[in-house]
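Read the structure below first, then the notes.
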Amino acid sequence: MSPALACRGLRVAYGATEVLHGVDLTVEAGESVVLLGPSGSGKSSLLYGVAGFLPPSDGEIWLEGRTVATPRNQEPPERRGVAMVFQHYALWPHLSALDTVAYPLRRSGRDRITARRRAADLLDLMGVAALAERRPSELSGGEQQRIGVARALAREARLLLLDEPTAHLDAPLRAALVAEIADQQRRSGAAALWATHDVTEALAVADRVGVLREGRLVQVGLPAELYERPADLWTARLSGPASLLALDVVERNDSQAVVVIEGRRHAMLLASDAASAPGSAKILVRPDWAELGGDLDASVSARWFRGPHTDYRLATPVGELELRQLGPPTASVGDAVRWRLKRGWAL
Amino acid sequence: MGAGRVLALLAIAAMFGVVIAWPLTRLAIEALGSGTAPFIAALGPEGVDAIRNSLLVALAVTALAVTGGFALALLTEHARVPSRSFLLAGILLPLLVPDFVSALGWTRAFGPAGLIDRLTGVELPGLYGPVGIVFVLASGAVPLAYLLIVAGMRTRAEPDLERAARMSGANGATALRTVTLPLLWPVIAAAGGLIFATTMNTFGTPAVLGRPAGFATMTTRIYSDLAFSSTDAAFERVLGLALLLVAVVVLVVVLTDRLGPRRTERGSIAGPRAATRPAGRLPIALTWTFILLTVVVPLLALVLTALTRAVGLPPLPENLTFANFGRAIDSRTMPALVNSLLLAGGTALACVALGAAVAIAPGQRWRRRGSGIVSLGFAVPGSVLAIGVLLAFGRSLRDSLLIILIAYVAKLWALAARPIAAALDRLSASGVHAARIHGADGPTALRTVTVPLISPTLIAAGLLVFVFALHEVTISILLYGPSSATLAVAILNVQQLGDPTVTTALSVLLTLLVMLCAVPLFVLRRWWSASLVG
């Protein structure tokens with residue numbers, strides 16, 4: 001089966017400014033791929049290019065094995081058979097929620113009654129059946145986006161483009177809607193290409209994550225890969241909290257290493273393809289890769305109680321370390337504590 | 001409320017009373033005081049003719065101009081056009097040409113012995129009369145319709161709304177029909193209403209093209225009744241026509257304003273903005289042909305006539321001369337030019353001062369109400385306003401510049417007040433609050449925060465009023481006296497005498513003057529719209 005989407009060497013420019021510098025990306029049928037990147041990294045441009053609103057200046061786009069865009073030839077958006085959920089909802093001010101969701105069904109040739117019946121079902125699916133007669137101006141942001149998702153589902157597309165669908169919602173709403181969108185997308189069997197700048201969202205819903213930096217895909221991989229083995233420091237910081245320690249590696253095989261901290265040998269998990277030779281190294285440590293207890297010295301320089309867990313910032317002889325411990329705080333700012341390093345990632 | 005604020009409000013109220021309320025009240029008293037006589041006079045055969053002509057011309061012009069403006073807006077906003085800025089300049093150029101000047105241009109281009117007649121032997125049939133009037137007024141109104149519709153497209157139809165339609169399977173035409181147009185109806189209706197009202201009010205073009213053919217509209221009938229007959233019956237007809245004119249215009253403006261753009265919540269525009277699809281060749285060719293025929297050729301014909309030694313000579317190099325300009329500036333037109341500049345300057349200063357005084361009126365609601373009431377002056381047809389001012393102040397100020405100034409301020413006040421009030425609305429209160437909390441008192445905050453932020457708008461509003469006053473003719477033709485004629489009036493009077501070389505030379509001078517004043521307006525507009533967006 002051909003992939004739902006394939007981009008080869010895709011370049012996109014606004015006038016003289018190129019915003020995508022040759023992107024290669026494949027989304028398999030039914031797969032959910034998340035584009036993670038800060039604003040201005042080209043996420044939206046990639047989505048709008050796939051949708052058919054921005055022509056490639058170079059490269060090609062295939063949908064299910066069919067060429068839809070080359071620099072010379074672009075299939076118009078309505079014939080690409082993809083659906084989109086917009087960042088600012090893009091609901092039509094003159095249509096009720098029901099007519100909005102019925103709109104794509106009418107365009108695909110369903111008669112009025114069938115279209116409205118199906119639209120009502122989709123509104124029900126998204127939990128907004130009661131709002132069928134409302135206009136966008138009478139709806140909250142969350143309600144608007146639920147209707148936006150229902151509209152995209154009504155398109156019955158094989159690929160769903162989601163342009164930061166929850167960026168303008170409050171945090172608690174956001175997590176719930178993200179989970180629902182992911183759930184509905186999986187049920188519909190459609191592939192999805194999400195854009196987001198929120199790493200927790202990306203890690204939660206992605207089959208694979210692609211990291212975009214200034215118009216280039218710098219890393220594509222499983223969410224766990226991205227978290228545990230980021231390609232560089234920039235990607236590491238983008239994909240979650242990270243501390244950087246300067247350590248002396250004295251022994252090393254595949255994934256085990258012995259480092260020296262405060263003159264003491266210390267065995268830990270250490271993975272990296274690069275920098276295999278012993279010597280001084282910059283080691284990335286995630287907050288859950290270290291724990292309190294053990295035999296290393298540090299003092300607490302800051303502490304935040306988060307409910308299920310507590311975050312500490314420790315001042316250690318090898319650098320500043322963010323550390324996460326389950327449960328309520330056991331040490332205060334200024335306290336001397338002991339800690340242990342479980343694993344790291346050599347950059 | 002501080003004393004300064006009270007004083008400012010009183011000054012505004014007094015000014016409003018003098019220039020708008022009192023003249024209109026005087027007119028109403030005069031008209032209603034004579035019972036039904038004015039209406040009976042207005043509904044006589046000549047009156048009915050004028051009313052029918054005005055309505056038909058206004059309807060035709062509105063339909064043509066709105067259709068043209070919408071088509072052009074679609075072209076420039078929805079597609080990528082080559083040499084876009086030239087195209088825009090071509091579309092907008094007529095805004096800078098006084099309408100009677102373009103009427104003159106059309107006669108020199110498409111009339112008998114005109115430029116096209118000379119070149120190809122073809123002339124536009126019916127140029128003198130309704131057909132010509134409709135063509136000239138419609139081509140002049142297209143840029144206005146275009147600007148209003150483009151503004152509407154930019155605020156009401158976010159690009160993502162149309163993209164959402166395309167993503168739902170609608171093709172370009174379906175998206176236009178089901179999303180773009182329904183969202184734009186209010187804007188189109190408002191543009192139509194405005195163009196209908198301005199066309200009903202216009203005097204210059206029907207005077208130039210209608211009078212030779214014996215085709216009278218309400219405004220030209222009012223003028224000829226007022227200027228050339230002194231019978232009571234004629235004056236009664238003037239009153240009757242004036243009231244009917246005001247009734248129709250206000251009705252249309254109110255109706256379309258109801259449909260007009262309602263304030264929608266401000267949504268930021270997501271997604272790329274630029275139109276990336278190239279426009280088709282046919283629409284571009286049609287647009288350039290339209291610009292060539294309605295703008296370039298008439299202006300060229302006007303300039304060539306102004307440069308030709310004598311009427312009837314072909315515009316060949318050996319016949320060209322600047323002498324007409326020398327002849328045009330004589331003891332009659334020089335004072336007229338000075339009068340025009342004085343009036344335009346005075347009106348601009350007064351209108352900006354009044355508009356800015358509104359800045360210290362308390363609160364957005366008052367400002368909006370204020371600019372709403374002031375709009376009355378703009379909505380009331382110039383001829384009607386002039387008659388009101390004549391009735392109110394004619395005894396003491398007849399034939400003076402001051403009486404024209406009063407009518408101009410009444411007419412153009414809203415033109416300055418609206419953008420200034422809008423600029424004030426856009427200012428977030430937090431700027432002033434921040435100034436106050438950091439130690440500025442009210443006047444200091446006004447001086448250091450509010451005024452600097454709205455100063456581009458103040459300048460632009462002043463220039464806008466200046467340009468409008470410069471080519472105003474509907475009012476001044478009814479109010480001028482021996483020593484208070486404006487340049488526009490002088491042109492129309494010379495034109496009646498029938499020397500096209502001098503008339504066109506004067507027209508070219510007036511147009512150049514208008515364009516000169518408009519250059520800073522265009523430069524500011526970019527800054528202005530940038531500040532509007534950012």
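To be explicit about the labels: the chains of the structure tokens are called A, B, and onward in the order shown, and within each one the residues are counted from 1, while ligands get numbers from 1 in the order they are shown.
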
Next on the checklist: Residues within 12 Å of Leu314 of chain A, please, as a ChimeraX atom specification. Count only C-alpha atoms; anything in the same chain fewer than 4 positions from it doesn't count.
Outcome noted: /A:243,245,287,290-292,296-304,318-324,331-340

Next on the checklist: With only C-alpha atoms considered, list every residue of chain B at most 6 Å from chain A, as a list of chain:residue names.
Outcome noted: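 Matching residues, ligands excluded from the count: B:Asp160, B:Leu161, B:Arg166, B:Met167, B:Ser168, B:Gly169, B:Ala170, B:Asn171.
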
Next on the checklist: Please compute the atom CA of Gly210 of chain B-atom CA of Asn53 of chain B distance, one decimal, in Å.
Outcome noted: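 One can read the atom CA of Gly210 of chain B to atom CA of Asn53 of chain B distance as 10.4 Å.
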
Checklist entry - Which residues come within 10 Å of segment 60-70 of chain A, counting only C-alpha atoms, excluding same-chain residues fewer than 5 positions away, as a VMD selection string? => result chain A and resid 1 to 11 22 to 29 49 to 52 54 to 55 75 to 77 79 to 82 158 to 159

Checklist entry - Which distance in Å separates atom CA of Ala13 of chain B and atom CA of Gly462 of chain B, to one decimal? => result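 These two atoms are separated by 20.6 Å.
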
Checklist entry - Quick one: residues within 10 Å of Met334 of chain B, only C-alpha atoms counted, chain neighbours fewer than 5 positions away excluded, as number ranges by chain? => result B: 328-329, 339-340, 486-487, 490

C-alpha atoms of the current selection, written as a PDB file, in the first residue's frame:
ATOM      1  CA  ALA B 328      -5.798  80.163 -18.298  1.00  0.00           C
ATOM      2  CA  ILE B 329      -4.273  82.053 -15.404  1.00  0.00           C
ATOM      3  CA  ASN B 339      -9.915  80.957  -2.897  1.00  0.00           C
ATOM      4  CA  SER B 340      -9.764  77.214  -3.474  1.00  0.00           C
ATOM      5  CA  THR B 486     -13.359  78.584  -6.511  1.00  0.00           C
ATOM      6  CA  LEU B 487     -11.136  77.114  -9.190  1.00  0.00           C
ATOM      7  CA  ALA B 490     -14.227  78.902 -12.577  1.00  0.00           C
TER       8      ALA B 490
END

Item to check | Å distance separating atom CA of Ser140 of chain A from atom CA of Ala120 of chain A, one decimal place | outcome: 19.0 Å

Item to check | Which of B:Leu492, B:Leu342, B:Val451, B:Val311 sits closest to Leu104 of chain B [using only C-alpha atoms] | outcome: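 Going through B:Leu492, B:Leu342, B:Val451, B:Val311 one by one, the smallest distance to Leu104 of chain B is for B:Leu492.
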
Item to check | DSSP alpha helix (DSSP H) residues within segment 184-327 of chain A, listed as a VMD selection string | outcome: chain A and resid 184 to 188 199 to 205 223 to 228 233 to 238
